[in-house]
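*Asks:* Let me begin by handing over the structure; questions about it come next.
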Amino acid sequence: MLEIKNYSKKYDNGVLAVDNLNLTVEDGDLFAFIGHNGAGKSTTIKSIVGILPFESGDILIDGISIKKDPLSVKKNIAYIPDNPNLYESLTGIAYLNFISDVFNVTEEKRKEIIELYATKFDLKDSLNDFISNYSHGMKQKLAIISALVHEPKLLILDEPFVGLDPIASHNVKEIMKELCAKGCSIFFSTHVLEVAEKLCNKIAIIKNGKLIISGNMEEVTKNSSLEDVFLELSDNA
Amino acid sequence: MRNFFLLIKNYFNIFVSGFNKKKNKRGSIISGGALLLIIGLIFILLFSTTAYTTISEIKKDPETDIEVALYALSSIGLVFLLLIIIMKGTNSKKANDYELLYSLPIKKSTIILSRVFKELIFDFISLILVMMPGYVIYAFISNADFSYPVILTGILVVFCLALFSSAVSLILKEVIIKLTSKFKYAEIIQTIINVLIMVIFVIFYYWFMNSIQTNGSSTVEFMLRFYPVELMVSFLTLSNFLNILIFILICVVPFIFSIFLSTYLADRQIKKRKIKKEELKYKKTKTINSLIKKEFGKYFRNTNYVINTTMGGFLLIIFGFIIAFLGFDQIKSLINNAMGSAANVFVDNLETIIMLFLILLSSTIVTTSCSISLEGKELWIIKSLPIKIKDVFLSKLILNFIVGIIPIVIAVFLISLKVGFVYFVPLLFICILGLIYAAVNGLNLNLKYPKLDYQDEVEVIKQSMSVLLSLVTSLIPGIMCLIIYFSLLIKLPLLLSLLIIFVIYLIIDSIEIIILIKKGPKYLNNINN
């Protein structure tokens with residue numbers, strides 16, 4: 001589903017943010033992308049979803065290059081940033097309708113999906129309110145619903161649990177599992193190692209823009225906890 | 001008291017950091033201070049010159065009491081006071097730091113008072129720059145019996161007016177918010193009301209200035225009849241105790257009320273708001289329509305954006321009305337009076353100049369020069385969605401077109417009443433091309449010079465590089481056509497000249513559109529925030 005080949009990203013000031021990254025996410029994978037602050041996680045994610053252009057390497061989604069055909073790629077994915085700055089001048093429902101229009105979702109389908117997830121996240125009563133009045137957690141929930149409205153093949157999330165209350169956080173995890181069971185792939189960054197360990201079947205750890213390790217969760221952690229592995233690799237790498 | 005000054009210092013730091021975020025604090029203070037100094041000096045120079053001329057003219061007339069100069073100077077101050085009240089009162093932006101401040105170990109009263117004091121200081125400095133030069137000049141050159149003390153009483157009058165303006169602007173702002181809060185699209189209605197108030201002020205300003213200028217011998221009578229001015233002059237000359245008392249009460253009572261209002265508003269802001277239950281609407285539309293709807297939502301929910309970008313449209317309409325109702329003969333005599341024989345070339349070609357000026361004005365309606373910057377931290381949405389970049393650009397251009405087309409049609413219609421309807425269609429088409437040029441040029445400039453890192457949208461709407469450049473460059477084709485007309489086309493029939501101007505605009509528009517198509521997507525992709 002997602003193939004990152006020799007991906008490197010240099011910032012304008014010449015600093016190498018990510019250096020020759022190679023990763024593969026298969027259909028149905030729940031893939032955690034771990035690293036310390038400034039390791040290059042968000043940079044990689046932004047390049048995957050077509051926000052950040054990059055110089056070398058390529059990123060393929062469903063075999064299509066984000067560089068060569070970004071529109072086709074974007075039709076199959078959904079992205080949720082770490083800080084969901086949404087259109088504050090729109091109401092929640094107007095924003096969801098906007099996203100649904102972009103993905104050409106039928107009225108029946110959008111009603112079904114929005115009502116399902118808005119009820120799950122206890123956001124239904126606030127959807128007619130302007131986003132400018134939403135709390136951080138409410139915006140995060142709205143961003144999640146908007147990402148699910150077109151039933152993407154690949155879901156990319158940057159720190160999805162930040163700002164969510166425990167119930168919403170639990171719901172997000174459940175939704176992630178359900179989507180993967182249906183064949184959707186999920187690639188997400190997180191600092192919450194326990195969640196990554198319990199939830200994901202695959203993991204990659206990045207440090208200073210370089211991939212230290214990646215593979216199946218069991219292969220990476222072996223008999224230790226993910227926290228121990230992460231700390232050990234972070235110290236040694 | 002320490003906390004009070006800490007808060008004031010913090011407000012000052014936030015204010016100066018707005019001038020240049022890329023520099024360090026010292027750099028920001030220097031650049032901000034230099035800018036404020038220049039603005040201050042311009043104000044002092046401008047109002048000193050006005051005061052000097054006014055007092056000198058009054059001194060020349062032996063029958064007019066020199067005290068009349070104080071009436072004139074106070075009238076100018078009063079108009080400026082009204083401008084401050086309107087500018088601040090129609091800014092619906094609310095303070096959003098009460099929660100943070102309330103969580104700190106600072107007394108609630110200190111927080112409220114520091115905020116009130118901040119507003120008061122702003123108004124006081126603004127008013128002192130406008131009013132005091134006049135009073136100082138009066139003190140030195142009037143030779144009146146009561147002249148030098150006017151400097152002292154002037155400062156007191158300005159202080160009282162600052163109390164009044166800071167209070168009334170707060171009350172006006174809250175009244176507008178309260179009146180519109182029941183509506184679903186409250187912010188859009190607020191914007192419309194704010195724009196209307198600005199328009200009413202502009203009309204009032206012209207009426208006021210016109211009354212002073214055209215009343216001739218009755219100017220003195222007009223100002224003496226104006227009660228607020230009389231109160232101010234009574235205070236300045238310490239001549240009528242009752243008037244002084246009334247003036248102080250008029251200024252102080254609203255100020256005290258505003259302190260209580262500020263306390264109430266701060267408390268209200270941190271209370272949870274109620275959410276109305278309404279049926280959800282799931283309506284499918286085309287992507288481009290959704291984008292346009294989004295652009296309109298963004299536009300109408302931002303008063304500063306609307307006011308800043310509709311001024312060109314208002315000017316067009318006012319220009320159209322002036323031409324339609326004043327008539328060519330009156331304009332010709334006005335130009336002759338002002339310029340003498342040098343005006344011949346203008347008078348002989350008045351119809352053409354008016355049309356070219358109309359074309360020039362049609363390029364001043366620009367909403368696109370900050371539309372990319374205003375995406376700000378939300379830019380990730382359009383960049384990560386499968387939206388064609390041309391649709392994003394098109395939605396921004398359509399907003400600009402819709403905002404501009406109505407005043408253009410009105411102005412072209414009004415001017416056609418005088419120049420003849422044979423020119424309606426060619427003039428309309430050239431103006432539309434001028435509008436398209438302004439929109440595409442603004443968008444190109446904003447893509448080249450985006451400003452995504454800002455605290456307040458006003459920084460983008462009024463001070464960003466792309467907006468300033470767009471203001472200058474939008475006039476270039478119009479000025480170019482004026483030069484070409486007078487150097488090459490003047491002897492040709494007017495319709496043929498207009499056709500040539502149409503072709504020039506068509507070429508310029510095509511160049512701008514090609515730049516947008518070729519470079520625009522690349523610029524947008526390279527914008528990172």
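If you're wondering about the labels, chains in the structure tokens are A, B, ... by order shown, residues count from 1 in each chain, ligands from 1 in order shown.
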What lies within 12 Å of Asn104 (chain A) using only C-alpha atoms, ignoring chain neighbours under 2 positions off, as a PyMOL selection string?
*Replies:* (chain A and resi 75+96-102+106-110+149-151) or (chain B and resi 283-288+290+385-387)
*Asks:* Return as a ChimeraX atom specification the residues belonging to chain B that are within 8 Å of chain A, counting only C-alpha atoms.
*Replies:* /B:275-278,280-287,290-291,294,297-298,301,377-378,380-381,383-388,525-526,528
*Asks:* Report as a VMD selection string all protein, DNA and RNA residues lying within 8 Å of region 470-476 of chain B, evaluated on only C-alpha atoms, omitting residues in the same chain fewer than 5 positions from it.
*Replies:* chain B and resid 360 to 361 363 to 364 366 369 437 to 438 441 to 442 445
*Asks:* Which parts of region 22-217 of chain A does DSSP call strand (DSSP E) when run on the backbone here, written out as number ranges by chain?
*Replies:* A: 22-25, 30-35, 56-61, 64-65, 77-80, 154-158, 185-189, 202-207, 210-216
*Asks:* Find the spatial neighbours of region 256-259 of chain B, counting only C-alpha atoms, within a cut-off of 9 Å - ignore same-chain residues fewer than 6 positions away - and output them as a list of chain:residue names.
*Replies:*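 Those residues are B:Ile112, B:Leu113, B:Val116, B:Ser166, B:Ala167, B:Val168, B:Leu170, B:Ile171.
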*Asks:* Between CA of Leu7 (chain B) and CA of Phe260 (chain B), what distance in Å does the model show, to one decimal?
*Replies:* 19.3 Å
*Asks:* Looking at B:Trp207, B:Phe43, B:Phe80, B:Phe201, which one is nearest to Pro133 (chain B), with distances taken over only C-alpha atoms?
*Replies:*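 Counting only C-alpha atoms, the residue closest to Pro133 (chain B) is B:Phe43.
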*Asks:* Sorted by chain and rising residue number, which residues of region 12-107 of chain A lie within 9 Å of region 178-185 of chain A, and what are their closest atom pairs and distances in Å to one decimal, counting only C-alpha atoms, as a tab-separated table?
*Replies:*
```
residue	atom	partner	partner_atom	distance
A:Val25	CA	A:Ser185	CA	7.3
A:Glu26	CA	A:Ser185	CA	6.9
A:Asp27	CA	A:Ser185	CA	5.3
A:Gly28	CA	A:Gly183	CA	4.3
A:Asp29	CA	A:Ser185	CA	4.9
A:Leu30	CA	A:Ser185	CA	6.1
A:Phe31	CA	A:Ser185	CA	7.8
```
*Asks:* Next, dump the selected residues to file, keeping only N, CA and C atoms, as a PDB file, in the first residue's frame.
*Replies:*
```pdb
ATOM      1  N   VAL A  25       4.564  -0.392   3.878  1.00  0.00           N
ATOM      2  CA  VAL A  25       3.358  -0.686   4.667  1.00  0.00           C
ATOM      3  C   VAL A  25       2.432  -1.511   3.778  1.00  0.00           C
ATOM      4  N   GLU A  26       2.101  -2.706   4.258  1.00  0.00           N
ATOM      5  CA  GLU A  26       1.240  -3.602   3.462  1.00  0.00           C
ATOM      6  C   GLU A  26      -0.232  -3.295   3.736  1.00  0.00           C
ATOM      7  N   ASP A  27      -1.112  -3.883   2.895  1.00  0.00           N
ATOM      8  CA  ASP A  27      -2.562  -3.741   3.117  1.00  0.00           C
ATOM      9  C   ASP A  27      -2.923  -4.322   4.491  1.00  0.00           C
ATOM     10  N   GLY A  28      -3.716  -3.584   5.239  1.00  0.00           N
ATOM     11  CA  GLY A  28      -4.173  -4.072   6.546  1.00  0.00           C
ATOM     12  C   GLY A  28      -3.172  -3.877   7.669  1.00  0.00           C
ATOM     13  N   ASP A  29      -2.032  -3.286   7.363  1.00  0.00           N
ATOM     14  CA  ASP A  29      -1.028  -3.037   8.415  1.00  0.00           C
ATOM     15  C   ASP A  29      -1.443  -1.897   9.319  1.00  0.00           C
ATOM     16  N   LEU A  30      -1.108  -2.039  10.596  1.00  0.00           N
ATOM     17  CA  LEU A  30      -1.256  -0.923  11.531  1.00  0.00           C
ATOM     18  C   LEU A  30       0.173  -0.592  11.948  1.00  0.00           C
ATOM     19  N   PHE A  31       0.693   0.453  11.362  1.00  0.00           N
ATOM     20  CA  PHE A  31       2.130   0.711  11.389  1.00  0.00           C
ATOM     21  C   PHE A  31       2.425   1.936  12.271  1.00  0.00           C
TER      22      PHE A  31
END
```
*Asks:* Could you check how far CA of Leu494 (chain B) sits from CA of Leu326 (chain B), in Å to one decimal?
*Replies:* 22.5 Å
*Asks:* Considering only C-alpha atoms, state which residue in the set B:Leu482, B:Ile461, B:Ala411, B:Ile318 is at the smallest distance from Cys370 (chain B).
*Replies:* B:Ile461
